[in-house]
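Reviewing the structure listed below.
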There are 2 protein chains.
Amino acid sequence: MTPTEIPSLQDITAAHERIAPYIHRTPVLTSGSINNLAGCSIYFKCENLQKIGAFKIRGATNAVLSLSPEDTSNGVATHSSGNHAQAVALAARNKGLSSFVVMPENSAKVKVEAVKGYGAEITFCKNDIDSRQETLDKVISRTGAKFIHPYNDVEVIAGQATAAMELLEDVAELDIILAPIGGGGLLSGTSLSTHYISPSTTIIGSEPKEVDDAFRSLAAGSIQNNETTDTIADGLKTNLGDITFGIIRNHVSQIITVSEDEIVDAMRKIWERMKIIIEPSSAVPFAAILREPHTFKGKRVGLIVTGGNIELDKLPFSLNL
Amino acid sequence: MTPTEIPSLQDITAAHERIAPYIHRTPVLTSGSINNLAGCSIYFKCENLQKIGAFKIRGATNAVLSLSPEDTSNGVATHSSGNHAQAVALAARNKGLSSFVVMPENSAKVKVEAVKGYGAEITFCKNDIDSRQETLDKVISRTGAKFIHPYNDVEVIAGQATAAMELLEDVAELDIILAPIGGGGLLSGTSLSTHYISPSTTIIGSEPKEVDDAFRSLAAGSIQNNETTDTIADGLKTNLGDITFGIIRNHVSQIITVSEDEIVDAMRKIWERMKIIIEPSSAVPFAAILREPHTFKGKRVGLIVTGGNIELDKLPFSLNL
């Protein structure tokens, strides 16, 4: 693929073959109790049970494996406070490459430790976008490492697209597929896989009201930014990129926004009834179903559970006591 | 089967066919991070992701479905503070039967609500074995319901045996299978399946030190009781029955006991690294591996994760901060 070409079905299939040795084929779980509550049949594609605890390993692995030996002779680099940092670090280690990760100085300790554990060299920065970018630029100019963008990259998108591809292989005749949207790598990949494999399936995005840039971007027809990012769903604070926005405009019919309380409530229900640990970002699509049940009533709904990385010492459930 | 006949492979296979429409085929999960920590390859059979959040639905469903219409004309009854209560209630509802459950008055509210939700009539008793039995006797004499024993019942054992049967179908050449032991229904069933299907596989039990009656029973050659039951592993407080003890004596080579701190530490590691919610009882086998790593080093180990029913408002992780 050229750097801006939209991944084809063949590209996504090739990505899947490329990354298969390095990822789990995650299970699709169902729950009678959750279905009763929601009024529809939900098929949870559990990427929280993926390696590194999140779908991000798919895109990062595909991006790293797609690069030429010349491109990666000095390793790979990225900036991320979260799952993409671990994903790039592990993907690089799997290929025997060095990795350089810029992380905000207030990143969760458990995530910093995980990134270190995969052998990455970490450089801390201040917790704002400018500092991240400046620090990354310095790291790259010092090391010559190749930048792996967290989402606005066609190889990353093709990798993220493989989760929905597996879901569509495992579950027939889905009426709707739901995913959360942050930078849009997962939702754009999901919408491409679904468009190619099951074109009659509707794609719906979901997003915290507090960071509803994607909702506003679709309405405005151009990329909108978030002024503030006061959401518990720390994976969804990012704005769209031009590649992800272009794909999402073409294939996503609707974005449902939900409140912080709705996210915590949905997360708790999934922990309690499904016995899986999901991070707040992953609860957003289920919160969307509970918020707009008429949209989903009686339907077969695929839902991509994006990750399970949350600090057990800082659980938000006391809000709900 | 007669009431004391040991289940054969044919009995277990028949049980599996009988209960299949009412249970999930639970996934077998693995984690590179957990394997690195443990020094062996562990295949987690995730019965925490089973219906009712525990393996108990297997045995209760097989027992209920094995009874004749005459036996169940007045419904079924049991006593349990935990997962067996939910299992009997749901198994009865699935067959259109009434169910009567005796529960200690201090049972977790979430479990009481779940049992009610499955349509059972609950009678509360004091939190001791005598009160349980007396209250159950009264309920049975009033209703004529058929008692489903939590573990000392060959149909229950045959049902619990199906978890290991599935695990052995999914994963070849296991050196060891590990399960926790309370009343012994799961471990006896597991040991029978393994004996029939993979006789070279070693069966190891695991138990909290605080309730090490099974460890002492194997050593003494007769059923021993617990004087106190001060363990966080609330599913493992029960003593063995004569049927389960007989099977375990013949097939289980070793029982490893672990401390309360080891249970909490093992539970936290599984939550953090595997992103699944397991109850304390389910952490006991992994705690056993971490305690005696030399026994498992380099081996392929199957581990039955028994359940995921835990109150999110009462998590024990602050012990480990």
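For the structure tokens, the naming scheme is as follows: chains receive sequential letters (A, B, ...) according to their order of presentation, residues are indexed from 1 within each chain, and ligands are indexed from 1 in presentation order.
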
*Residues of stretch 31-219 of chain B in alpha helix (DSSP H) according to DSSP, as a PyMOL selection string?*
chain B and resi 32-38+56-66+83-94+109-117+129-143+154-170+185-197+213-219

Could you write out the selected residues, including C-alpha atoms, as an mmCIF file, in the first residue's frame?
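Output (selection_10.cif):
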data_model
loop_
_atom_site.group_PDB
_atom_site.id
_atom_site.type_symbol
_atom_site.label_atom_id
_atom_site.label_comp_id
_atom_site.auth_asym_id
_atom_site.auth_seq_id
_atom_site.Cartn_x
_atom_site.Cartn_y
_atom_site.Cartn_z
ATOM 1 C CA GLY B 32 2.645 -15.401 27.733
ATOM 2 C CA SER B 33 3.157 -13.142 30.710
ATOM 3 C CA ILE B 34 1.639 -15.662 33.123
ATOM 4 C CA ASN B 35 3.666 -18.490 31.580
ATOM 5 C CA ASN B 36 6.888 -16.500 32.015
ATOM 6 C CA LEU B 37 6.027 -15.912 35.630
ATOM 7 C CA ALA B 38 5.136 -19.540 36.290
ATOM 8 C CA LYS B 56 -21.483 -25.661 38.939
ATOM 9 C CA ILE B 57 -24.109 -25.302 36.202
ATOM 10 C CA ARG B 58 -22.644 -28.436 34.592
ATOM 11 C CA GLY B 59 -23.285 -30.775 37.515
ATOM 12 C CA ALA B 60 -26.600 -29.267 38.553
ATOM 13 C CA THR B 61 -27.927 -29.413 34.996
ATOM 14 C CA ASN B 62 -26.857 -33.020 34.548
ATOM 15 C CA ALA B 63 -28.440 -33.978 37.869
ATOM 16 C CA VAL B 64 -31.718 -32.223 37.110
ATOM 17 C CA LEU B 65 -31.933 -33.621 33.574
ATOM 18 C CA SER B 66 -31.108 -37.144 34.784
ATOM 19 C CA ASN B 83 -22.649 -21.033 43.021
ATOM 20 C CA HIS B 84 -24.535 -24.319 43.453
ATOM 21 C CA ALA B 85 -27.620 -22.342 44.519
ATOM 22 C CA GLN B 86 -27.642 -20.417 41.256
ATOM 23 C CA ALA B 87 -26.830 -23.565 39.315
ATOM 24 C CA VAL B 88 -29.783 -25.539 40.676
ATOM 25 C CA ALA B 89 -32.141 -22.595 40.250
ATOM 26 C CA LEU B 90 -31.165 -22.081 36.606
ATOM 27 C CA ALA B 91 -31.062 -25.812 35.802
ATOM 28 C CA ALA B 92 -34.567 -26.169 37.235
ATOM 29 C CA ARG B 93 -35.876 -23.185 35.304
ATOM 30 C CA ASN B 94 -34.375 -24.544 32.097
ATOM 31 C CA LYS B 109 -26.839 -9.971 48.254
ATOM 32 C CA VAL B 110 -25.790 -10.338 44.636
ATOM 33 C CA LYS B 111 -26.008 -14.132 44.928
ATOM 34 C CA VAL B 112 -29.417 -13.981 46.629
ATOM 35 C CA GLU B 113 -30.676 -11.706 43.844
ATOM 36 C CA ALA B 114 -29.292 -14.011 41.171
ATOM 37 C CA VAL B 115 -30.996 -17.074 42.704
ATOM 38 C CA LYS B 116 -34.279 -15.158 42.943
ATOM 39 C CA GLY B 117 -33.816 -13.978 39.381
ATOM 40 C CA ILE B 129 -24.218 -26.732 58.808
ATOM 41 C CA ASP B 130 -26.848 -27.941 61.284
ATOM 42 C CA SER B 131 -29.181 -25.066 60.537
ATOM 43 C CA ARG B 132 -28.739 -25.578 56.824
ATOM 44 C CA GLN B 133 -29.628 -29.240 57.033
ATOM 45 C CA GLU B 134 -32.610 -28.729 59.378
ATOM 46 C CA THR B 135 -33.991 -25.961 57.201
ATOM 47 C CA LEU B 136 -33.528 -28.033 54.074
ATOM 48 C CA ASP B 137 -35.263 -31.006 55.701
ATOM 49 C CA LYS B 138 -38.233 -28.807 56.535
ATOM 50 C CA VAL B 139 -38.399 -27.378 53.029
ATOM 51 C CA ILE B 140 -38.280 -30.851 51.502
ATOM 52 C CA SER B 141 -40.902 -32.262 53.839
ATOM 53 C CA ARG B 142 -43.171 -29.279 53.071
ATOM 54 C CA THR B 143 -42.688 -29.313 49.293
ATOM 55 C CA VAL B 154 -22.677 -39.249 40.808
ATOM 56 C CA GLU B 155 -24.722 -37.219 38.308
ATOM 57 C CA VAL B 156 -23.268 -34.002 39.674
ATOM 58 C CA ILE B 157 -19.772 -35.481 39.446
ATOM 59 C CA ALA B 158 -20.387 -36.641 35.857
ATOM 60 C CA GLY B 159 -21.513 -33.126 34.984
ATOM 61 C CA GLN B 160 -18.485 -31.461 36.561
ATOM 62 C CA ALA B 161 -16.287 -33.991 34.728
ATOM 63 C CA THR B 162 -17.298 -32.434 31.399
ATOM 64 C CA ALA B 163 -15.120 -29.344 31.960
ATOM 65 C CA ALA B 164 -11.921 -31.412 31.915
ATOM 66 C CA MET B 165 -13.309 -33.459 29.022
ATOM 67 C CA GLU B 166 -13.619 -30.275 26.944
ATOM 68 C CA LEU B 167 -10.176 -29.110 28.046
ATOM 69 C CA LEU B 168 -8.635 -32.406 26.967
ATOM 70 C CA GLU B 169 -10.419 -32.157 23.615
ATOM 71 C CA ASP B 170 -9.039 -28.656 23.067
ATOM 72 C CA GLY B 185 -17.190 -32.672 42.962
ATOM 73 C CA LEU B 186 -14.998 -30.887 40.444
ATOM 74 C CA LEU B 187 -11.744 -32.596 41.328
ATOM 75 C CA SER B 188 -13.285 -36.076 41.338
ATOM 76 C CA GLY B 189 -15.004 -35.453 38.000
ATOM 77 C CA THR B 190 -11.820 -33.952 36.574
ATOM 78 C CA SER B 191 -9.784 -36.924 37.702
ATOM 79 C CA LEU B 192 -12.228 -39.378 36.121
ATOM 80 C CA SER B 193 -12.259 -37.610 32.738
ATOM 81 C CA THR B 194 -8.503 -37.395 32.774
ATOM 82 C CA HIS B 195 -8.080 -41.026 33.818
ATOM 83 C CA TYR B 196 -10.264 -42.170 30.918
ATOM 84 C CA ILE B 197 -9.113 -39.769 28.199
ATOM 85 C CA ASP B 213 -9.322 -31.082 55.103
ATOM 86 C CA ALA B 214 -8.740 -32.758 51.734
ATOM 87 C CA PHE B 215 -4.961 -32.667 52.182
ATOM 88 C CA ARG B 216 -5.351 -34.252 55.634
ATOM 89 C CA SER B 217 -7.971 -36.718 54.395
ATOM 90 C CA LEU B 218 -5.639 -38.062 51.713
ATOM 91 C CA ALA B 219 -2.836 -38.390 54.276
#

*Find the residues of chain B in contact range of chain A, meaning any atom within 6 Å when counting only C-alpha atoms, and list them as a PyMOL selection string.*
chain B and resi 275-277+308

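In this comparison, which uses only C-alpha atoms, the residue of B:Thr2, B:Gly119, B:Ser281, B:Ser81 approaching B:Glu105 most closely is B:Ser81.
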
_Can you tell me, as a PyMOL selection string, which residues in stretch 59-246 of chain B count as strand (DSSP E or B) by DSSP?_
chain B and resi 76-79+99-104+121-125+146-147+176-180+202-208

Residues as selected, N, CA, C and O atoms, written as a compact mmCIF listing (two decimals), in the first residue's frame, can you do that?
# COMPACT_ATOMS: atom_id res chain seq x y z
N VAL B 76 -37.12 -29.30 42.67
CA VAL B 76 -35.83 -29.71 43.23
C VAL B 76 -35.43 -28.72 44.33
O VAL B 76 -35.90 -27.58 44.36
N ALA B 77 -34.56 -29.18 45.22
CA ALA B 77 -34.15 -28.34 46.35
C ALA B 77 -32.67 -28.52 46.62
O ALA B 77 -32.08 -29.56 46.30
N THR B 78 -32.08 -27.50 47.22
CA THR B 78 -30.70 -27.64 47.68
C THR B 78 -30.40 -26.60 48.75
O THR B 78 -31.23 -25.71 49.01
N HIS B 79 -29.23 -26.72 49.37
CA HIS B 79 -28.73 -25.66 50.24
C HIS B 79 -27.38 -25.25 49.72
O HIS B 79 -26.57 -26.08 49.31
N SER B 99 -37.94 -24.65 42.02
CA SER B 99 -36.75 -24.93 42.81
C SER B 99 -36.83 -24.21 44.15
O SER B 99 -37.43 -23.13 44.26
N PHE B 100 -36.25 -24.83 45.15
CA PHE B 100 -36.28 -24.35 46.53
C PHE B 100 -34.85 -24.35 47.05
O PHE B 100 -34.20 -25.39 47.06
N VAL B 101 -34.37 -23.18 47.45
CA VAL B 101 -32.97 -23.07 47.83
C VAL B 101 -32.86 -22.52 49.26
O VAL B 101 -33.44 -21.48 49.57
N VAL B 102 -32.14 -23.24 50.10
CA VAL B 102 -31.84 -22.78 51.46
C VAL B 102 -30.50 -22.06 51.42
O VAL B 102 -29.50 -22.62 50.97
N MET B 103 -30.51 -20.80 51.88
CA MET B 103 -29.27 -20.00 51.87
C MET B 103 -29.03 -19.40 53.26
O MET B 103 -29.99 -18.97 53.92
N PRO B 104 -27.76 -19.33 53.69
CA PRO B 104 -27.47 -18.66 54.96
C PRO B 104 -27.90 -17.19 54.91
O PRO B 104 -27.81 -16.56 53.85
N GLU B 121 -37.45 -20.31 45.00
CA GLU B 121 -37.98 -19.84 46.28
C GLU B 121 -36.86 -20.01 47.30
O GLU B 121 -36.32 -21.09 47.47
N ILE B 122 -36.49 -18.91 47.97
CA ILE B 122 -35.37 -18.95 48.92
C ILE B 122 -35.89 -19.03 50.34
O ILE B 122 -36.82 -18.32 50.72
N THR B 123 -35.30 -19.92 51.15
CA THR B 123 -35.54 -19.95 52.59
C THR B 123 -34.21 -19.69 53.27
O THR B 123 -33.22 -20.38 52.98
N PHE B 124 -34.18 -18.68 54.14
CA PHE B 124 -32.92 -18.35 54.81
C PHE B 124 -32.74 -19.20 56.07
O PHE B 124 -33.71 -19.59 56.72
N CYS B 125 -31.48 -19.49 56.39
CA CYS B 125 -31.16 -20.23 57.61
C CYS B 125 -29.98 -19.56 58.29
O CYS B 125 -29.40 -18.61 57.75
N LYS B 146 -37.07 -32.71 45.30
CA LYS B 146 -35.95 -33.67 45.27
C LYS B 146 -34.65 -32.93 45.57
O LYS B 146 -34.33 -31.92 44.93
N PHE B 147 -33.87 -33.46 46.51
CA PHE B 147 -32.60 -32.83 46.90
C PHE B 147 -31.52 -33.05 45.85
O PHE B 147 -31.31 -34.18 45.41
N ILE B 176 -0.09 -32.19 33.30
CA ILE B 176 -0.73 -32.07 34.61
C ILE B 176 -2.07 -31.36 34.42
O ILE B 176 -2.18 -30.45 33.59
N ILE B 177 -3.09 -31.80 35.18
CA ILE B 177 -4.30 -30.97 35.30
C ILE B 177 -4.48 -30.62 36.77
O ILE B 177 -4.34 -31.47 37.65
N LEU B 178 -4.77 -29.33 36.99
CA LEU B 178 -4.91 -28.78 38.34
C LEU B 178 -6.32 -28.26 38.54
O LEU B 178 -6.86 -27.58 37.66
N ALA B 179 -6.88 -28.53 39.70
CA ALA B 179 -8.17 -27.93 40.07
C ALA B 179 -8.17 -27.71 41.57
O ALA B 179 -7.45 -28.39 42.31
N PRO B 180 -8.99 -26.78 42.04
CA PRO B 180 -9.13 -26.63 43.49
C PRO B 180 -10.05 -27.72 44.05
O PRO B 180 -10.79 -28.36 43.30
N THR B 202 -1.09 -36.26 35.03
CA THR B 202 -1.15 -36.24 36.49
C THR B 202 -2.23 -35.27 36.97
O THR B 202 -2.34 -34.17 36.43
N ILE B 203 -3.00 -35.68 37.98
CA ILE B 203 -4.01 -34.78 38.57
C ILE B 203 -3.49 -34.25 39.89
O ILE B 203 -3.12 -35.04 40.77
N ILE B 204 -3.49 -32.94 40.04
CA ILE B 204 -3.08 -32.34 41.31
C ILE B 204 -4.21 -31.45 41.83
O ILE B 204 -4.78 -30.66 41.08
N GLY B 205 -4.53 -31.60 43.12
CA GLY B 205 -5.52 -30.74 43.75
C GLY B 205 -4.84 -29.57 44.43
O GLY B 205 -3.63 -29.58 44.66
N SER B 206 -5.62 -28.55 44.78
CA SER B 206 -5.06 -27.40 45.48
C SER B 206 -6.12 -26.85 46.42
O SER B 206 -7.31 -26.87 46.11
N GLU B 207 -5.65 -26.36 47.56
CA GLU B 207 -6.57 -26.08 48.66
C GLU B 207 -5.96 -25.01 49.56
O GLU B 207 -4.75 -24.98 49.75
N PRO B 208 -6.80 -24.12 50.12
CA PRO B 208 -6.25 -23.18 51.11
C PRO B 208 -5.77 -23.94 52.34
O PRO B 208 -6.45 -24.87 52.79

*Between A:Asn152, A:Asn225, A:Thr306, A:Asn239, which one has atoms that come closest to A:Pro3, using only C-alpha atoms?*
A:Asn152

*Between B:Val301, B:Leu97, B:Val171, B:Ile181, single out the one closest to B:Ser68, counting only C-alpha atoms.*
B:Leu97
